[in-house]
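Structure first, commentary second.
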Amino acid sequence: MGNSFLFLSSKVYNQLMEKPKILVTQSILTNGIEILENAGLEVEIWQQKGPIPRETLLKLAKDKVGIISMLSDKIDSQLLENSPELKVVTNYAVGFNNIDVASATKKKIAVGNTPGVLTDATADLAMALLLNLSRKITPAKENVINGEWINWEPLGFLGKSLKGKTLGVYGLGRIGHAFAKRCVDGFGMKLIHYSRTEKLIGKKVDLETLLKESDVISLHCPLTEETRERFDYEKLSKTKKDCIFINTARGEVVNEKDLERLVSEGHFFGVGLDVTAPEPISANSPLLKSDRVLVTPHIGSADFETRSAMSELVARNIISALNKSPLPGFVNPDVWN
């Protein structure tokens with residue numbers, strides 16, 4: 001994507017404070033930062049390890065015209081009210097459940113995200129979790145590291161073939177569709193899905209059918225009041241006992257205590273989680289003690305190409321909003337109506 005159009009109009013620049021400032025709440029790849037600085041903006045980055053403390057966030061946001069936020073940052077009405085210069089908030093993510101969009105819209109603050117650019121990376125990560133679990137790769141690796149590999153074992157680390165199995169996708173949006181294509185085209189899996197709209201691939205079913213018939217279930221839905229803890233003990237217990245369960249959506253979609261209980265009862269061939277609730281997961285979580293559970297630290301979008309595209313996209317969101325032009329990733333397009 002070219003950068004020639006990424007500038008602030010002189011009219012906009014003159015209307016802003018003398019040195020318009022942007023806050024980035026964690027370090028990101030520098031290409032987006034360079035775009036912002038070349039546009040005449042001053043960028044302040046929280047560079048310490050871990051999420052920015054709440055009181056620090058409130059303090060630093062006060063004189064900023066824009067914020068590049070992470071999912072761990074609570075951008076609520078209190079922060080918006082206390083940031084009189086704020087014109088735009090853009091999440092370094094597709095999700096935006098950490099932002100009070102209604103309050104932002106009321107205050108004429110544009111909200112952005114990074115749709116599209118992380119589709120393949122997240123689908124790849126879901127695929128990696130599935131392959132790891134189905135072939136018991138992590139337990140096999142630990143067997144070697146622990147010096148327990150003493151002979152070829154005919155009954156050792158028997159996995160689960162994916163060929164021809166039934167894949168159930170909950171949320172067949174961009175990422176769910178990309179993951180399903182990998183499974184259908186690569187392994188000849190039969191696709192069923194629970195989604196809001198009809199899709200060109202697979203068969204749309206009700207949730208009960210998806211739970212009962214799927215050999216693999218993968219979650220790819222946004223976090224909403226409808227999906228929050230949708231997968232509780234009642235729902236999860238309806239799945240096949242040897243089902244593989246993958247979540248690369250949001251941790252809060254699953255009731256983690258109920259998932260722990262089912263794993264302890266011997267349910268699931270494997271569980272792959274790139275998201276948890278809370279994040280990070282407690283080091284004492286019973287899930288981490290099971291060799292049938294694989295947890296990764298929310299790395300769905302973590303490849304260089306994707307994170308670079310995300311960095312550029314949040315910069316474009318910021319500059320577009322300051323020019324009152326449509327954002328490439330626009331969450332509240334009616335903000336200036």
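Residue names in the structure tokens use chain letters A, B, ... in the order shown, residue numbers from 1 in each chain, and ligand numbers from 1 in the order shown.
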Taking only C-alpha atoms into account, produce a table as a tab-separated table in which each residue of region 211-239 of chain A with an atom at most 9 Å from an atom of region 257-276 of chain A appears once, together with its shortest atom pair and the distance in Å to one decimal, ordered by chain and rising number.
```
residue	atom	partner	partner_atom	distance
A:Phe231	CA	A:Leu259	CA	8.5
A:Asp232	CA	A:Asp258	CA	5.8
A:Tyr233	CA	A:Asp258	CA	4.9
A:Glu234	CA	A:Asp258	CA	8.7
A:Leu236	CA	A:Leu259	CA	7.4
A:Ser237	CA	A:Leu262	CA	7.2
A:Thr239	CA	A:Phe268	CA	8.3
```
Let's have the selection written as a PDB file, in the first residue's frame, with C-alpha atoms.
```
ATOM      1  CA  PHE A 231     -19.804 -22.492  25.371  1.00  0.00           C
ATOM      2  CA  ASP A 232     -20.554 -23.530  28.934  1.00  0.00           C
ATOM      3  CA  TYR A 233     -20.745 -26.972  30.538  1.00  0.00           C
ATOM      4  CA  GLU A 234     -24.171 -27.678  29.096  1.00  0.00           C
ATOM      5  CA  LEU A 236     -19.584 -28.398  25.719  1.00  0.00           C
ATOM      6  CA  SER A 237     -20.802 -31.655  27.246  1.00  0.00           C
ATOM      7  CA  THR A 239     -19.809 -32.576  21.955  1.00  0.00           C
TER       8      THR A 239
END
```
Please provide as a CSV table (one decimal) with N, CA and C atoms, in the first residue's frame all residues within 9 Å of Leu313 (chain A), with the sequence filter that same-chain residues fewer than 4 positions apart are discarded (counting only C-alpha atoms).
```
chain,number,residue,atom,x,y,z
A,32,GLY,N,4.2,1.8,10.8
A,32,GLY,CA,3.1,2.7,11.1
A,32,GLY,C,3.5,3.9,11.8
A,92,TYR,N,-5.4,-2.1,17.7
A,92,TYR,CA,-4.4,-2.9,16.9
A,92,TYR,C,-4.9,-4.3,17.0
A,113,ASN,N,-10.4,-0.3,13.6
A,113,ASN,CA,-9.8,-1.6,13.8
A,113,ASN,C,-9.0,-2.1,12.6
A,114,THR,N,-8.6,-3.3,12.6
A,114,THR,CA,-7.7,-3.8,11.5
A,114,THR,C,-8.3,-5.1,10.9
A,117,VAL,N,-6.6,-7.9,7.2
A,117,VAL,CA,-5.2,-8.1,7.1
A,117,VAL,C,-4.7,-9.3,7.9
A,308,SER,N,3.0,-6.0,10.3
A,308,SER,CA,3.3,-4.9,9.5
A,308,SER,C,2.1,-4.2,8.8
A,309,ALA,N,1.3,-5.0,8.3
A,309,ALA,CA,0.0,-4.5,7.7
A,309,ALA,C,-0.9,-3.9,8.7
A,317,ASN,N,-5.8,4.6,9.7
A,317,ASN,CA,-7.1,4.9,10.5
A,317,ASN,C,-7.0,6.3,11.2
A,318,ILE,N,-5.8,6.5,11.8
A,318,ILE,CA,-5.6,7.7,12.6
A,318,ILE,C,-5.7,9.0,11.6
A,328,PRO,N,-10.1,3.1,6.8
A,328,PRO,CA,-10.0,1.8,6.2
A,328,PRO,C,-10.6,0.7,7.0
A,329,GLY,N,-10.4,0.9,8.3
A,329,GLY,CA,-11.1,0.0,9.3
A,329,GLY,C,-12.0,0.8,10.1
```
Based on the backbone DSSP call, show me all residues of region 82-327 of chain A assigned alpha helix (DSSP H), as number ranges by chain. A: 101-106, 119-134, 137-145, 174-187, 207-213, 233-236, 256-264, 304-322
Contacts of Leu211 (chain A) within 9 Å, only C-alpha atoms, excl. fewer than 2 positions in-chain, as a ChimeraX atom specification: /A:168,206-209,213-215,217,235-240
Kindly export the residues of the current selection with N, CA and C atoms, as a PDB file, in the first residue's frame.
```pdb
ATOM      1  N   GLY A 168     -16.864 -28.524  12.462  1.00  0.00           N
ATOM      2  CA  GLY A 168     -17.903 -27.577  12.829  1.00  0.00           C
ATOM      3  C   GLY A 168     -17.292 -26.224  13.128  1.00  0.00           C
ATOM      4  N   ASP A 206     -28.010 -25.819  13.038  1.00  0.00           N
ATOM      5  CA  ASP A 206     -28.234 -25.194  14.339  1.00  0.00           C
ATOM      6  C   ASP A 206     -27.104 -25.604  15.281  1.00  0.00           C
ATOM      7  N   LEU A 207     -27.015 -24.916  16.407  1.00  0.00           N
ATOM      8  CA  LEU A 207     -25.903 -25.140  17.320  1.00  0.00           C
ATOM      9  C   LEU A 207     -25.906 -26.556  17.887  1.00  0.00           C
ATOM     10  N   GLU A 208     -27.083 -27.063  18.170  1.00  0.00           N
ATOM     11  CA  GLU A 208     -27.194 -28.424  18.713  1.00  0.00           C
ATOM     12  C   GLU A 208     -26.564 -29.436  17.761  1.00  0.00           C
ATOM     13  N   THR A 209     -26.855 -29.304  16.478  1.00  0.00           N
ATOM     14  CA  THR A 209     -26.305 -30.222  15.476  1.00  0.00           C
ATOM     15  C   THR A 209     -24.802 -30.078  15.375  1.00  0.00           C
ATOM     16  N   GLU A 213     -22.433 -33.354  16.095  1.00  0.00           N
ATOM     17  CA  GLU A 213     -21.928 -34.056  14.922  1.00  0.00           C
ATOM     18  C   GLU A 213     -20.471 -33.770  14.588  1.00  0.00           C
ATOM     19  N   SER A 214     -19.884 -32.741  15.171  1.00  0.00           N
ATOM     20  CA  SER A 214     -18.538 -32.325  14.771  1.00  0.00           C
ATOM     21  C   SER A 214     -17.452 -33.175  15.430  1.00  0.00           C
ATOM     22  N   ASP A 215     -16.462 -33.553  14.626  1.00  0.00           N
ATOM     23  CA  ASP A 215     -15.250 -34.177  15.161  1.00  0.00           C
ATOM     24  C   ASP A 215     -14.254 -33.110  15.593  1.00  0.00           C
ATOM     25  N   ILE A 217     -14.322 -28.807  16.416  1.00  0.00           N
ATOM     26  CA  ILE A 217     -15.095 -27.563  16.538  1.00  0.00           C
ATOM     27  C   ILE A 217     -14.107 -26.412  16.666  1.00  0.00           C
ATOM     28  N   LYS A 235     -23.342 -26.834  26.972  1.00  0.00           N
ATOM     29  CA  LYS A 235     -23.072 -26.905  25.542  1.00  0.00           C
ATOM     30  C   LYS A 235     -21.890 -27.834  25.259  1.00  0.00           C
ATOM     31  N   LEU A 236     -20.797 -27.641  25.987  1.00  0.00           N
ATOM     32  CA  LEU A 236     -19.584 -28.398  25.719  1.00  0.00           C
ATOM     33  C   LEU A 236     -19.769 -29.888  25.965  1.00  0.00           C
ATOM     34  N   SER A 237     -20.597 -30.234  26.927  1.00  0.00           N
ATOM     35  CA  SER A 237     -20.802 -31.655  27.246  1.00  0.00           C
ATOM     36  C   SER A 237     -21.580 -32.378  26.148  1.00  0.00           C
ATOM     37  N   LYS A 238     -22.172 -31.633  25.229  1.00  0.00           N
ATOM     38  CA  LYS A 238     -22.902 -32.256  24.122  1.00  0.00           C
ATOM     39  C   LYS A 238     -21.989 -32.656  22.969  1.00  0.00           C
ATOM     40  N   THR A 239     -20.743 -32.222  23.020  1.00  0.00           N
ATOM     41  CA  THR A 239     -19.809 -32.576  21.955  1.00  0.00           C
ATOM     42  C   THR A 239     -19.359 -34.024  22.108  1.00  0.00           C
ATOM     43  N   LYS A 240     -18.831 -34.577  21.024  1.00  0.00           N
ATOM     44  CA  LYS A 240     -18.276 -35.924  21.090  1.00  0.00           C
ATOM     45  C   LYS A 240     -17.140 -35.949  22.109  1.00  0.00           C
TER      46      LYS A 240
END
```
Would you give me, as a ChimeraX atom specification, the residues in region 59-261 of chain A that DSSP reads as strand (DSSP E)? /A:66-69,88-91,110-112,166-170,190-194,203-204,216-219,244-247
Residue with smallest distance to Ser103 (chain A) - pool A:Val335, A:Leu129, A:Leu327, A:Ile299, counting only C-alpha atoms: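 So, comparing all the options, the nearest one is A:Val335.
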Work out how far CA of Ser72 (chain A) is from CA of Glu225 (chain A), in Å to one decimal.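 Atom-to-atom, CA of Glu225 (chain A) to CA of Ser72 (chain A), that is 18.2 Å.
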Compare A:Ser134, A:Asn146, A:Ser69, A:Gln47 by their minimum atom-to-atom distance to Ile99 (chain A), counting only C-alpha atoms, and give me the closest one.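 Distance minimum relative to Ile99 (chain A) lands on A:Ser69.
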Counting only C-alpha atoms, what is within 10 Å of Ala249 (chain A), bar same-chain residues fewer than 3 positions away, as a list in words?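 With the cut-off at 10 Å, the set is Gly95, Thr122, Ala126, Tyr170, Gly171, Ile175, Gly176, Ser218, Leu219, His220, Cys221, Pro222, Leu223, Ile246, Glu252, Val253, Val254, Leu273, Asp274, Val275, Thr276, His298 and Gly300 of chain A.
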Output N, CA and C atoms for every residue in the selection just made, as a PDB file, in the first residue's frame.
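Result saved to again_13.pdb:
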```pdb
ATOM      1  N   GLY A  95     -10.961  -7.258  16.767  1.00  0.00           N
ATOM      2  CA  GLY A  95     -11.960  -7.073  17.821  1.00  0.00           C
ATOM      3  C   GLY A  95     -11.888  -5.682  18.419  1.00  0.00           C
ATOM      4  N   THR A 122      -4.371 -15.758  11.284  1.00  0.00           N
ATOM      5  CA  THR A 122      -5.150 -16.382  12.356  1.00  0.00           C
ATOM      6  C   THR A 122      -5.673 -17.750  11.934  1.00  0.00           C
ATOM      7  N   ALA A 126      -4.899 -21.366  13.808  1.00  0.00           N
ATOM      8  CA  ALA A 126      -5.924 -22.357  14.153  1.00  0.00           C
ATOM      9  C   ALA A 126      -5.590 -23.708  13.538  1.00  0.00           C
ATOM     10  N   TYR A 170     -17.945 -22.356  14.256  1.00  0.00           N
ATOM     11  CA  TYR A 170     -18.883 -21.427  14.888  1.00  0.00           C
ATOM     12  C   TYR A 170     -18.449 -20.014  14.515  1.00  0.00           C
ATOM     13  N   GLY A 171     -19.129 -19.436  13.525  1.00  0.00           N
ATOM     14  CA  GLY A 171     -18.787 -18.103  13.035  1.00  0.00           C
ATOM     15  C   GLY A 171     -18.001 -18.200  11.744  1.00  0.00           C
ATOM     16  N   ILE A 175     -12.208 -15.137   8.913  1.00  0.00           N
ATOM     17  CA  ILE A 175     -11.235 -16.080   9.473  1.00  0.00           C
ATOM     18  C   ILE A 175     -11.806 -17.493   9.489  1.00  0.00           C
ATOM     19  N   GLY A 176     -13.058 -17.639   9.915  1.00  0.00           N
ATOM     20  CA  GLY A 176     -13.685 -18.952   9.931  1.00  0.00           C
ATOM     21  C   GLY A 176     -13.727 -19.570   8.545  1.00  0.00           C
ATOM     22  N   SER A 218     -14.279 -25.384  15.836  1.00  0.00           N
ATOM     23  CA  SER A 218     -13.389 -24.235  15.880  1.00  0.00           C
ATOM     24  C   SER A 218     -14.220 -22.961  15.978  1.00  0.00           C
ATOM     25  N   LEU A 219     -13.869 -22.100  16.942  1.00  0.00           N
ATOM     26  CA  LEU A 219     -14.621 -20.876  17.209  1.00  0.00           C
ATOM     27  C   LEU A 219     -13.971 -19.689  16.492  1.00  0.00           C
ATOM     28  N   HIS A 220     -14.789 -18.929  15.760  1.00  0.00           N
ATOM     29  CA  HIS A 220     -14.294 -17.765  15.006  1.00  0.00           C
ATOM     30  C   HIS A 220     -15.309 -16.623  15.051  1.00  0.00           C
ATOM     31  N   CYS A 221     -15.927 -16.408  16.192  1.00  0.00           N
ATOM     32  CA  CYS A 221     -16.979 -15.401  16.334  1.00  0.00           C
ATOM     33  C   CYS A 221     -16.464 -14.193  17.110  1.00  0.00           C
ATOM     34  N   PRO A 222     -17.104 -13.042  16.963  1.00  0.00           N
ATOM     35  CA  PRO A 222     -16.764 -11.899  17.812  1.00  0.00           C
ATOM     36  C   PRO A 222     -17.328 -12.093  19.213  1.00  0.00           C
ATOM     37  N   LEU A 223     -16.807 -11.343  20.159  1.00  0.00           N
ATOM     38  CA  LEU A 223     -17.362 -11.358  21.513  1.00  0.00           C
ATOM     39  C   LEU A 223     -18.491 -10.347  21.597  1.00  0.00           C
ATOM     40  N   ILE A 246     -11.128 -25.999  19.320  1.00  0.00           N
ATOM     41  CA  ILE A 246     -10.168 -24.922  19.056  1.00  0.00           C
ATOM     42  C   ILE A 246     -10.844 -23.571  19.290  1.00  0.00           C
ATOM     43  N   GLU A 252     -13.478 -15.101  26.317  1.00  0.00           N
ATOM     44  CA  GLU A 252     -14.737 -14.969  27.045  1.00  0.00           C
ATOM     45  C   GLU A 252     -15.903 -15.702  26.389  1.00  0.00           C
ATOM     46  N   VAL A 253     -15.704 -16.205  25.179  1.00  0.00           N
ATOM     47  CA  VAL A 253     -16.755 -16.975  24.514  1.00  0.00           C
ATOM     48  C   VAL A 253     -16.940 -18.336  25.199  1.00  0.00           C
ATOM     49  N   VAL A 254     -15.916 -18.769  25.913  1.00  0.00           N
ATOM     50  CA  VAL A 254     -15.936 -20.066  26.594  1.00  0.00           C
ATOM     51  C   VAL A 254     -15.924 -19.847  28.104  1.00  0.00           C
ATOM     52  N   LEU A 273      -6.160 -23.499  22.580  1.00  0.00           N
ATOM     53  CA  LEU A 273      -6.613 -22.161  22.939  1.00  0.00           C
ATOM     54  C   LEU A 273      -5.521 -21.140  22.631  1.00  0.00           C
ATOM     55  N   ASP A 274      -5.821 -20.196  21.762  1.00  0.00           N
ATOM     56  CA  ASP A 274      -4.924 -19.060  21.573  1.00  0.00           C
ATOM     57  C   ASP A 274      -5.416 -17.853  22.360  1.00  0.00           C
ATOM     58  N   VAL A 275      -6.607 -17.971  22.920  1.00  0.00           N
ATOM     59  CA  VAL A 275      -7.219 -16.908  23.715  1.00  0.00           C
ATOM     60  C   VAL A 275      -7.772 -17.526  24.991  1.00  0.00           C
ATOM     61  N   THR A 276      -7.702 -16.788  26.082  1.00  0.00           N
ATOM     62  CA  THR A 276      -8.198 -17.274  27.366  1.00  0.00           C
ATOM     63  C   THR A 276      -8.907 -16.138  28.088  1.00  0.00           C
ATOM     64  N   HIS A 298      -2.021 -15.820  22.619  1.00  0.00           N
ATOM     65  CA  HIS A 298      -2.723 -14.901  21.721  1.00  0.00           C
ATOM     66  C   HIS A 298      -1.803 -14.452  20.581  1.00  0.00           C
ATOM     67  N   GLY A 300      -2.373 -15.257  17.252  1.00  0.00           N
ATOM     68  CA  GLY A 300      -3.060 -15.498  15.993  1.00  0.00           C
ATOM     69  C   GLY A 300      -2.579 -14.643  14.836  1.00  0.00           C
TER      70      GLY A 300
END
```
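Between CA of Trp336 (chain A) and CA of Leu58 (chain A) the separation is 24.7 Å.
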Neighbour list for Asp124 (chain A) as a PyMOL selection string, cut-off 12 Å, only C-alpha atoms, skip fewer than 5 positions in-chain: chain A and resi 118-119+129-131+175-183+248+274+299-303+306
Any chance you can output those residues with C-alpha atoms as an mmCIF file, in the first residue's frame?
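Output saved as result_0.cif:
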```cif
data_model
loop_
_atom_site.group_PDB
_atom_site.id
_atom_site.type_symbol
_atom_site.label_atom_id
_atom_site.label_comp_id
_atom_site.auth_asym_id
_atom_site.auth_seq_id
_atom_site.Cartn_x
_atom_site.Cartn_y
_atom_site.Cartn_z
ATOM 1 C CA LEU A 118 -4.932 -10.818 9.785
ATOM 2 C CA THR A 119 -7.355 -13.342 8.277
ATOM 3 C CA LEU A 129 -3.250 -25.900 16.776
ATOM 4 C CA LEU A 130 -5.426 -28.503 15.091
ATOM 5 C CA LEU A 131 -2.502 -30.372 13.516
ATOM 6 C CA ILE A 175 -11.235 -16.080 9.473
ATOM 7 C CA GLY A 176 -13.685 -18.952 9.931
ATOM 8 C CA HIS A 177 -14.077 -19.230 6.157
ATOM 9 C CA ALA A 178 -10.298 -19.208 5.588
ATOM 10 C CA PHE A 179 -9.784 -21.908 8.241
ATOM 11 C CA ALA A 180 -12.623 -24.025 6.832
ATOM 12 C CA LYS A 181 -11.128 -23.816 3.327
ATOM 13 C CA ARG A 182 -7.825 -25.130 4.643
ATOM 14 C CA CYS A 183 -9.572 -28.084 6.274
ATOM 15 C CA THR A 248 -8.842 -18.478 18.356
ATOM 16 C CA ASP A 274 -4.924 -19.060 21.573
ATOM 17 C CA ILE A 299 -0.405 -15.135 18.707
ATOM 18 C CA GLY A 300 -3.060 -15.498 15.993
ATOM 19 C CA SER A 301 -1.824 -12.489 14.014
ATOM 20 C CA ALA A 302 1.847 -12.914 14.897
ATOM 21 C CA ASP A 303 3.717 -13.033 11.627
ATOM 22 C CA THR A 306 0.482 -9.366 9.164
#
```
Across A:Asn151, A:Thr90, A:Asn97, A:Ser282, the smallest distance to Ile22 (chain A), with only C-alpha atoms counted, is shown by A:Thr90
To one decimal place in Å, what is the distance between CA of Met70 (chain A) and CA of Asn91 (chain A)? 5.6 Å
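Distances to Thr197 (chain A) were evaluated for A:Leu210, A:Val314, A:Pro51, A:Gly173 using only C-alpha atoms, and the minimum falls at A:Gly173.
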